[in-house]
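> My structure file coords.pdb, PDB, N, CA and C atoms, is below:
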ATOM      1  N   MET L  27     122.648 104.356 107.312
ATOM      2  CA  MET L  27     121.250 104.719 107.349
ATOM      3  C   MET L  27     120.899 105.402 108.675
ATOM      4  N   ARG L  28     121.460 104.867 109.756
ATOM      5  CA  ARG L  28     121.180 105.423 111.069
ATOM      6  C   ARG L  28     121.707 106.853 111.168
ATOM      7  N   TYR L  29     122.877 107.098 110.578
ATOM      8  CA  TYR L  29     123.441 108.443 110.600
ATOM      9  C   TYR L  29     122.584 109.413 109.786
ATOM     10  N   LEU L  30     122.047 108.934 108.687
ATOM     11  CA  LEU L  30     121.195 109.767 107.849
ATOM     12  C   LEU L  30     119.936 110.193 108.610
ATOM     13  N   VAL L  31     119.360 109.278 109.371
ATOM     14  CA  VAL L  31     118.168 109.601 110.162
ATOM     15  C   VAL L  31     118.503 110.645 111.219
ATOM     16  N   TRP L  32     119.642 110.484 111.895
ATOM     17  CA  TRP L  32     120.023 111.457 112.921
ATOM     18  C   TRP L  32     120.336 112.822 112.305
ATOM     19  N   ILE L  33     120.946 112.835 111.141
ATOM     20  CA  ILE L  33     121.212 114.111 110.458
ATOM     21  C   ILE L  33     119.897 114.781 110.081
ATOM     22  N   LEU L  34     118.928 113.999 109.601
ATOM     23  CA  LEU L  34     117.621 114.556 109.254
ATOM     24  C   LEU L  34     116.913 115.107 110.492
ATOM     25  N   ARG L  35     116.974 114.382 111.599
ATOM     26  CA  ARG L  35     116.367 114.860 112.844
ATOM     27  C   ARG L  35     117.020 116.156 113.308
ATOM     28  N   LEU L  36     118.330 116.209 113.245
ATOM     29  CA  LEU L  36     119.051 117.409 113.652
ATOM     30  C   LEU L  36     118.688 118.581 112.742
ATOM     31  N   LEU L  37     118.576 118.336 111.464
ATOM     32  CA  LEU L  37     118.211 119.374 110.517
ATOM     33  C   LEU L  37     116.811 119.926 110.807
ATOM     34  N   VAL L  38     115.858 119.046 111.066
ATOM     35  CA  VAL L  38     114.502 119.489 111.396
ATOM     36  C   VAL L  38     114.507 120.308 112.677
ATOM     37  N   PHE L  39     115.233 119.846 113.680
ATOM     38  CA  PHE L  39     115.297 120.578 114.940
ATOM     39  C   PHE L  39     115.920 121.959 114.754
ATOM     40  N   ILE L  40     116.976 122.040 113.958
ATOM     41  CA  ILE L  40     117.634 123.329 113.730
ATOM     42  C   ILE L  40     116.705 124.287 112.981
ATOM     43  N   VAL L  41     115.975 123.775 111.992
ATOM     44  CA  VAL L  41     115.037 124.625 111.251
ATOM     45  C   VAL L  41     113.942 125.144 112.181
ATOM     46  N   VAL L  42     113.398 124.276 113.020
ATOM     47  CA  VAL L  42     112.356 124.703 113.959
ATOM     48  C   VAL L  42     112.919 125.702 114.958
ATOM     49  N   LEU L  43     114.131 125.448 115.447
ATOM     50  CA  LEU L  43     114.748 126.366 116.402
ATOM     51  C   LEU L  43     115.007 127.735 115.763
ATOM     52  N   MET L  44     115.511 127.757 114.540
ATOM     53  CA  MET L  44     115.769 129.030 113.857
ATOM     54  C   MET L  44     114.460 129.798 113.625
ATOM     55  N   PHE L  45     113.424 129.076 113.235
ATOM     56  CA  PHE L  45     112.123 129.711 113.027
ATOM     57  C   PHE L  45     111.595 130.278 114.339
ATOM     58  N   ALA L  46     111.770 129.518 115.414
ATOM     59  CA  ALA L  46     111.290 129.979 116.716
ATOM     60  C   ALA L  46     112.079 131.183 117.206
ATOM     61  N   LEU L  47     113.384 131.208 116.959
ATOM     62  CA  LEU L  47     114.197 132.339 117.406
ATOM     63  C   LEU L  47     113.845 133.632 116.673
ATOM     64  N   LYS L  48     113.319 133.522 115.460
ATOM     65  CA  LYS L  48     112.904 134.703 114.705
ATOM     66  C   LYS L  48     111.545 135.221 115.175
ATOM     67  N   ASN L  49     110.805 134.412 115.941
ATOM     68  CA  ASN L  49     109.458 134.775 116.395
ATOM     69  C   ASN L  49     109.408 134.731 117.916
ATOM     70  N   THR L  50     109.901 135.788 118.549
ATOM     71  CA  THR L  50     109.988 135.798 120.009
ATOM     72  C   THR L  50     109.000 136.749 120.661
ATOM     73  N   GLY L  51     108.128 137.352 119.914
ATOM     74  CA  GLY L  51     107.187 138.317 120.478
ATOM     75  C   GLY L  51     106.189 137.669 121.423
ATOM     76  N   PRO L  52     105.628 138.474 122.346
ATOM     77  CA  PRO L  52     104.639 137.923 123.283
ATOM     78  C   PRO L  52     103.304 137.657 122.591
ATOM     79  N   VAL L  53     102.669 136.546 122.961
ATOM     80  CA  VAL L  53     101.368 136.175 122.399
ATOM     81  C   VAL L  53     100.437 135.759 123.528
ATOM     82  N   ASP L  54      99.164 135.742 123.238
ATOM     83  CA  ASP L  54      98.164 135.229 124.167
ATOM     84  C   ASP L  54      97.814 133.810 123.747
ATOM     85  N   VAL L  55      97.785 132.912 124.715
ATOM     86  CA  VAL L  55      97.454 131.518 124.440
ATOM     87  C   VAL L  55      96.051 131.263 124.991
ATOM     88  N   ASN L  56      95.130 130.898 124.113
ATOM     89  CA  ASN L  56      93.745 130.617 124.504
ATOM     90  C   ASN L  56      93.551 129.117 124.645
ATOM     91  N   PHE L  57      93.062 128.711 125.802
ATOM     92  CA  PHE L  57      92.732 127.315 126.052
ATOM     93  C   PHE L  57      91.224 127.160 126.019
ATOM     94  N   PHE L  58      90.757 125.957 126.297
ATOM     95  CA  PHE L  58      89.320 125.712 126.350
ATOM     96  C   PHE L  58      88.722 126.417 127.564
ATOM     97  N   ALA L  59      87.441 126.622 127.534
ATOM     98  CA  ALA L  59      86.668 127.251 128.610
ATOM     99  C   ALA L  59      87.143 128.679 128.875
ATOM    100  N   ASP L  60      87.532 129.381 127.830
ATOM    101  CA  ASP L  60      87.936 130.794 127.916
ATOM    102  C   ASP L  60      89.076 131.046 128.890
ATOM    103  N   HIS L  61      89.956 130.098 129.052
ATOM    104  CA  HIS L  61      91.147 130.293 129.883
ATOM    105  C   HIS L  61      92.244 130.865 128.988
ATOM    106  N   VAL L  62      92.786 132.025 129.365
ATOM    107  CA  VAL L  62      93.768 132.722 128.536
ATOM    108  C   VAL L  62      95.025 132.973 129.351
ATOM    109  N   VAL L  63      96.170 132.657 128.751
ATOM    110  CA  VAL L  63      97.470 132.994 129.336
ATOM    111  C   VAL L  63      98.053 134.092 128.453
ATOM    112  N   THR L  64      98.343 135.235 129.046
ATOM    113  CA  THR L  64      98.801 136.374 128.253
ATOM    114  C   THR L  64     100.307 136.573 128.398
ATOM    115  N   GLY L  65     100.897 137.125 127.367
ATOM    116  CA  GLY L  65     102.302 137.509 127.403
ATOM    117  C   GLY L  65     103.288 136.367 127.349
ATOM    118  N   VAL L  66     102.905 135.233 126.784
ATOM    119  CA  VAL L  66     103.824 134.096 126.654
ATOM    120  C   VAL L  66     104.676 134.321 125.408
ATOM    121  N   PRO L  67     105.999 134.195 125.524
ATOM    122  CA  PRO L  67     106.834 134.344 124.317
ATOM    123  C   PRO L  67     106.487 133.276 123.271
ATOM    124  N   LEU L  68     106.411 133.696 122.038
ATOM    125  CA  LEU L  68     106.042 132.782 120.952
ATOM    126  C   LEU L  68     107.026 131.626 120.833
ATOM    127  N   ILE L  69     108.305 131.868 121.151
ATOM    128  CA  ILE L  69     109.306 130.806 121.075
ATOM    129  C   ILE L  69     108.970 129.671 122.038
ATOM    130  N   VAL L  70     108.451 130.014 123.219
ATOM    131  CA  VAL L  70     108.067 128.994 124.198
ATOM    132  C   VAL L  70     106.893 128.179 123.681
ATOM    133  N   VAL L  71     105.925 128.846 123.100
ATOM    134  CA  VAL L  71     104.755 128.152 122.557
ATOM    135  C   VAL L  71     105.164 127.227 121.417
ATOM    136  N   MET L  72     105.996 127.723 120.512
ATOM    137  CA  MET L  72     106.383 126.918 119.348
ATOM    138  C   MET L  72     107.227 125.713 119.747
ATOM    139  N   LEU L  73     108.198 125.914 120.609
ATOM    140  CA  LEU L  73     109.043 124.785 121.014
ATOM    141  C   LEU L  73     108.272 123.765 121.840
ATOM    142  N   SER L  74     107.348 124.229 122.684
ATOM    143  CA  SER L  74     106.562 123.276 123.472
ATOM    144  C   SER L  74     105.625 122.473 122.571
ATOM    145  N   VAL L  75     105.051 123.116 121.560
ATOM    146  CA  VAL L  75     104.200 122.386 120.617
ATOM    147  C   VAL L  75     105.032 121.400 119.802
ATOM    148  N   PHE L  76     106.237 121.776 119.432
ATOM    149  CA  PHE L  76     107.114 120.862 118.707
ATOM    150  C   PHE L  76     107.449 119.641 119.558
ATOM    151  N   VAL L  77     107.802 119.865 120.820
ATOM    152  CA  VAL L  77     108.131 118.751 121.718
ATOM    153  C   VAL L  77     106.909 117.870 121.951
ATOM    154  N   LEU L  78     105.739 118.487 122.144
ATOM    155  CA  LEU L  78     104.519 117.692 122.309
ATOM    156  C   LEU L  78     104.218 116.865 121.062
ATOM    157  N   GLY L  79     104.489 117.404 119.894
ATOM    158  CA  GLY L  79     104.288 116.649 118.659
ATOM    159  C   GLY L  79     105.229 115.462 118.549
ATOM    160  N   VAL L  80     106.473 115.658 118.960
ATOM    161  CA  VAL L  80     107.434 114.547 118.938
ATOM    162  C   VAL L  80     107.003 113.458 119.918
ATOM    163  N   VAL L  81     106.608 113.865 121.121
ATOM    164  CA  VAL L  81     106.172 112.889 122.125
ATOM    165  C   VAL L  81     104.929 112.151 121.649
ATOM    166  N   PHE L  82     103.974 112.868 121.085
ATOM    167  CA  PHE L  82     102.767 112.228 120.569
ATOM    168  C   PHE L  82     103.098 111.261 119.437
ATOM    169  N   GLY L  83     103.990 111.646 118.550
ATOM    170  CA  GLY L  83     104.400 110.748 117.467
ATOM    171  C   GLY L  83     105.063 109.480 117.984
ATOM    172  N   LEU L  84     105.890 109.613 119.014
ATOM    173  CA  LEU L  84     106.523 108.430 119.599
ATOM    174  C   LEU L  84     105.498 107.525 120.277
ATOM    175  N   LEU L  85     104.527 108.125 120.940
ATOM    176  CA  LEU L  85     103.482 107.313 121.577
ATOM    177  C   LEU L  85     102.631 106.577 120.548
ATOM    178  N   VAL L  86     102.386 107.201 119.419
ATOM    179  CA  VAL L  86     101.613 106.547 118.367
ATOM    180  C   VAL L  86     102.422 105.407 117.747
ATOM    181  N   ALA L  87     103.730 105.591 117.612
ATOM    182  CA  ALA L  87     104.575 104.573 116.983
ATOM    183  C   ALA L  87     104.959 103.448 117.935
ATOM    184  N   ALA L  88     104.816 103.640 119.235
ATOM    185  CA  ALA L  88     105.280 102.652 120.223
ATOM    186  C   ALA L  88     104.633 101.275 120.059
ATOM    187  N   PRO L  89     103.314 101.144 119.870
ATOM    188  CA  PRO L  89     102.748  99.792 119.739
ATOM    189  C   PRO L  89     103.325  98.992 118.575
ATOM    190  N   SER L  90     103.536  99.624 117.437
ATOM    191  CA  SER L  90     104.087  98.875 116.305
ATOM    192  C   SER L  90     105.538  98.486 116.559
ATOM    193  N   VAL L  91     106.297  99.333 117.258
ATOM    194  CA  VAL L  91     107.686  98.999 117.583
ATOM    195  C   VAL L  91     107.729  97.811 118.526
ATOM    196  N   VAL L  92     106.862  97.819 119.535
ATOM    197  CA  VAL L  92     106.817  96.706 120.485
ATOM    198  C   VAL L  92     106.403  95.426 119.771
ATOM    199  N   ARG L  93     105.414  95.521 118.870
ATOM    200  CA  ARG L  93     104.955  94.353 118.131
ATOM    201  C   ARG L  93     106.087  93.784 117.259
ATOM    202  N   ARG L  94     106.835  94.651 116.596
ATOM    203  CA  ARG L  94     107.940  94.190 115.746
ATOM    204  C   ARG L  94     109.041  93.541 116.573
ATOM    205  N   ARG L  95     109.356  94.122 117.721
ATOM    206  CA  ARG L  95     110.382  93.520 118.571
ATOM    207  C   ARG L  95     109.947  92.160 119.078
ATOM    208  N   ARG L  96     108.681  92.030 119.466
ATOM    209  CA  ARG L  96     108.169  90.749 119.945
ATOM    210  C   ARG L  96     108.244  89.699 118.844
ATOM    211  N   GLU L  97     107.861  90.080 117.635
ATOM    212  CA  GLU L  97     107.915  89.148 116.502
ATOM    213  C   GLU L  97     109.357  88.769 116.178
ATOM    214  N   ALA L  98     110.275  89.728 116.240
ATOM    215  CA  ALA L  98     111.686  89.432 115.968
ATOM    216  C   ALA L  98     112.247  88.476 117.021
ATOM    217  N   ASN L  99     111.896  88.684 118.287
ATOM    218  CA  ASN L  99     112.359  87.773 119.339
ATOM    219  C   ASN L  99     111.797  86.372 119.146
ATOM    220  N   LYS L 100     110.525  86.271 118.750
ATOM    221  CA  LYS L 100     109.921  84.954 118.497
ATOM    222  C   LYS L 100     110.635  84.256 117.343
ATOM    223  N   LEU L 101     110.924  85.006 116.279
ATOM    224  CA  LEU L 101     111.608  84.409 115.137
ATOM    225  C   LEU L 101     113.033  83.989 115.497
ATOM    226  N   ARG L 102     113.704  84.768 116.356
ATOM    227  CA  ARG L 102     115.048  84.357 116.810
ATOM    228  C   ARG L 102     114.990  83.071 117.615
ATOM    229  N   ARG L 103     113.996  82.952 118.495
ATOM    230  CA  ARG L 103     113.853  81.714 119.285
ATOM    231  C   ARG L 103     113.574  80.524 118.381
ATOM    232  N   ASP L 104     112.679  80.709 117.393
ATOM    233  CA  ASP L 104     112.383  79.628 116.455
ATOM    234  C   ASP L 104     113.621  79.228 115.655
ATOM    235  N   LEU L 105     114.376  80.209 115.218
ATOM    236  CA  LEU L 105     115.592  79.936 114.467
ATOM    237  C   LEU L 105     116.606  79.177 115.324
ATOM    238  N   ALA L 106     116.774  79.585 116.566
ATOM    239  CA  ALA L 106     117.711  78.894 117.452
ATOM    240  C   ALA L 106     117.263  77.453 117.687
ATOM    241  N   ARG L 107     115.940  77.246 117.861
ATOM    242  CA  ARG L 107     115.430  75.892 118.069
ATOM    243  C   ARG L 107     115.669  75.019 116.836
ATOM    244  N   LEU L 108     115.446  75.576 115.645
ATOM    245  CA  LEU L 108     115.648  74.806 114.420
ATOM    246  C   LEU L 108     117.134  74.533 114.165
ATOM    247  N   GLU L 109     117.990  75.503 114.481
ATOM    248  CA  GLU L 109     119.428  75.263 114.335
ATOM    249  C   GLU L 109     119.897  74.181 115.298
ATOM    250  N   GLU L 110     119.335  74.159 116.493
ATOM    251  CA  GLU L 110     119.679  73.113 117.463
ATOM    252  C   GLU L 110     119.232  71.750 116.959
ATOM    253  N   LYS L 111     118.083  71.690 116.312
ATOM    254  CA  LYS L 111     117.613  70.434 115.731
ATOM    255  C   LYS L 111     118.558  69.958 114.627
ATOM    256  N   LEU L 112     119.078  70.913 113.833
ATOM    257  CA  LEU L 112     119.996  70.537 112.758
ATOM    258  C   LEU L 112     121.337  70.064 113.304
ATOM    259  N   ARG L 113     121.772  70.645 114.410
ATOM    260  CA  ARG L 113     123.046  70.236 115.001
ATOM    261  C   ARG L 113     122.982  68.842 115.606
ATOM    262  N   HIS L 114     121.838  68.503 116.162
ATOM    263  CA  HIS L 114     121.664  67.198 116.810
ATOM    264  C   HIS L 114     120.499  66.460 116.163
ATOM    265  N   PRO L 115     120.747  65.889 114.979
ATOM    266  CA  PRO L 115     119.643  65.209 114.293
ATOM    267  C   PRO L 115     119.250  63.931 115.044
ATOM    268  N   ASN L 116     118.022  63.588 114.921
ATOM    269  CA  ASN L 116     117.483  62.403 115.569
ATOM    270  C   ASN L 116     117.700  61.200 114.651
ATOM    271  N   VAL L 117     118.541  60.254 115.080
ATOM    272  CA  VAL L 117     118.805  59.055 114.288
ATOM    273  C   VAL L 117     117.672  58.075 114.572
ATOM    274  N   PRO L 118     116.921  57.677 113.548
ATOM    275  CA  PRO L 118     115.735  56.853 113.795
ATOM    276  C   PRO L 118     116.037  55.506 114.436
ATOM    277  N   GLY L 119     117.092  54.842 114.073
ATOM    278  CA  GLY L 119     117.366  53.512 114.611
ATOM    279  C   GLY L 119     117.804  53.531 116.058
ATOM    280  N   GLU L 120     118.500  54.541 116.485
ATOM    281  CA  GLU L 120     119.047  54.575 117.824
ATOM    282  C   GLU L 120     118.131  55.242 118.843
ATOM    283  N   ALA L 121     117.393  56.219 118.432
ATOM    284  CA  ALA L 121     116.647  57.017 119.400
ATOM    285  C   ALA L 121     115.345  56.355 119.825
ATOM    286  N   LEU L 122     114.661  55.688 118.923
ATOM    287  CA  LEU L 122     113.365  55.127 119.242
ATOM    288  C   LEU L 122     113.400  53.612 119.184
ATOM    289  N   ALA L 123     112.879  53.024 120.214
ATOM    290  CA  ALA L 123     112.744  51.571 120.219
ATOM    291  C   ALA L 123     111.531  51.197 119.381
ATOM    292  N   PRO L 124     111.517  50.016 118.755
ATOM    293  CA  PRO L 124     110.381  49.643 117.894
ATOM    294  C   PRO L 124     109.068  49.603 118.659
ATOM    295  N   GLU L 125     109.107  49.285 119.955
ATOM    296  CA  GLU L 125     107.856  49.209 120.713
ATOM    297  C   GLU L 125     107.225  50.581 120.900
ATOM    298  N   THR L 126     108.036  51.621 120.890
ATOM    299  CA  THR L 126     107.468  52.954 121.066
ATOM    300  C   THR L 126     106.841  53.484 119.783
ATOM    301  N   VAL L 127     107.326  52.968 118.638
ATOM    302  CA  VAL L 127     106.762  53.409 117.374
ATOM    303  C   VAL L 127     105.401  52.713 117.152
ATOM    304  N   ALA L 128     105.387  51.389 117.244
ATOM    305  CA  ALA L 128     104.138  50.625 117.086
ATOM    306  C   ALA L 128     104.201  49.467 118.096
ATOM    307  N   PRO L 129     103.403  49.519 119.134
ATOM    308  CA  PRO L 129     103.455  48.446 120.131
ATOM    309  C   PRO L 129     103.054  47.107 119.517
ATOM    310  N   LEU L 130     103.643  46.076 120.060
ATOM    311  CA  LEU L 130     103.321  44.720 119.570
ATOM    312  C   LEU L 130     101.925  44.343 119.987
ATOM    313  N   ALA L 131     101.215  43.725 119.069
ATOM    314  CA  ALA L 131      99.855  43.281 119.366
ATOM    315  C   ALA L 131      99.916  42.000 120.191
ATOM    316  N   PRO L 132      99.028  41.850 121.165
ATOM    317  CA  PRO L 132      99.030  40.600 121.953
ATOM    318  C   PRO L 132      98.564  39.437 121.095
ATOM    319  N   LEU L 133      99.088  38.255 121.404
ATOM    320  CA  LEU L 133      98.710  37.063 120.627
ATOM    321  C   LEU L 133      97.540  36.376 121.186
TER     322      LEU L 133
END
In structure tokens, write the structure found in this file.

Amino acid sequence: MRYLVWILRLLVFIVVLMFALKNTGPVDVNFFADHVVTGVPLIVVMLSVFVLGVVFGLLVAAPSVVRRRREANKLRRDLARLEEKLRHPNVPGEALAPETVAPLAPL
């Protein structure tokens, strides 16, 4: 599955790169407040927008990844604690004295 994801990522990158290489003419880039950058190659604009999209997508996905990792670590700790309990069961007769279970009432 991991290889399939990497192959898909590589395929998308190659398609974007091929598309960008076919479009290398100079363009004007208009920003807010009438700021214009002239003569920028279209390949630079397209690849930078692609990289910004990847970075933005990773930033959007980061909180859920962190949440899943935290939950997985908590479940691993709980599992280890429960397995330890199963390995060393508490024998009722030996571990607890009768006075600790129910103290004797004074006469």
> I need the residues of chain L that end up classed as strand (DSSP E) by DSSP on the backbone, written out as a ChimeraX atom specification.
/L:52-56,62-67
> Within 10 Å of Ala46 of chain L, counting only C-alpha atoms, which residues show up once you throw out same-chain ones fewer than 5 positions away? Write them as a VMD selection string, please.
chain L and resid 40 to 41 67 to 73
> Atom N of Arg95 of chain L to atom N of Val31 of chain L: how many Å, to one decimal?
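Distance reported for this atom pair: 20.0 Å.
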> Residues within 6.5 Å of (103.3, 138.3, 123.5), file coordinates, counting all atoms listed in the file: what are they? Give the list as a PyMOL selection string.
chain L and resi 51-54+64-68
> Work out how far apart atom C of Phe76 of chain L and atom N of Val42 of chain L are and give it in Å to one decimal.
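Taking atom C of Phe76 of chain L and atom N of Val42 of chain L, their separation equals 10.0 Å.
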> What is the atom N of Val80 of chain L to atom C of Leu36 of chain L distance in Å?
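Distance between the two atoms: 14.0 Å.
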> Report the residues of segment 37-116 of chain L whose backbone DSSP state falls under helix (DSSP H, G or I), written as a ChimeraX atom specification.
/L:37-48,58-60,68-113
> Enclose the full set of atoms of segment 61-65 of chain L listed in the file within a box whose edges lie along x, y and z, apply 8 Å of padding to each of the six sides, and report centre and edge lengths in Å to one decimal as JSON.

{"center_x": 96.6, "center_y": 133.8, "center_z": 128.6, "size_x": 29.3, "size_y": 23.4, "size_z": 18.5}
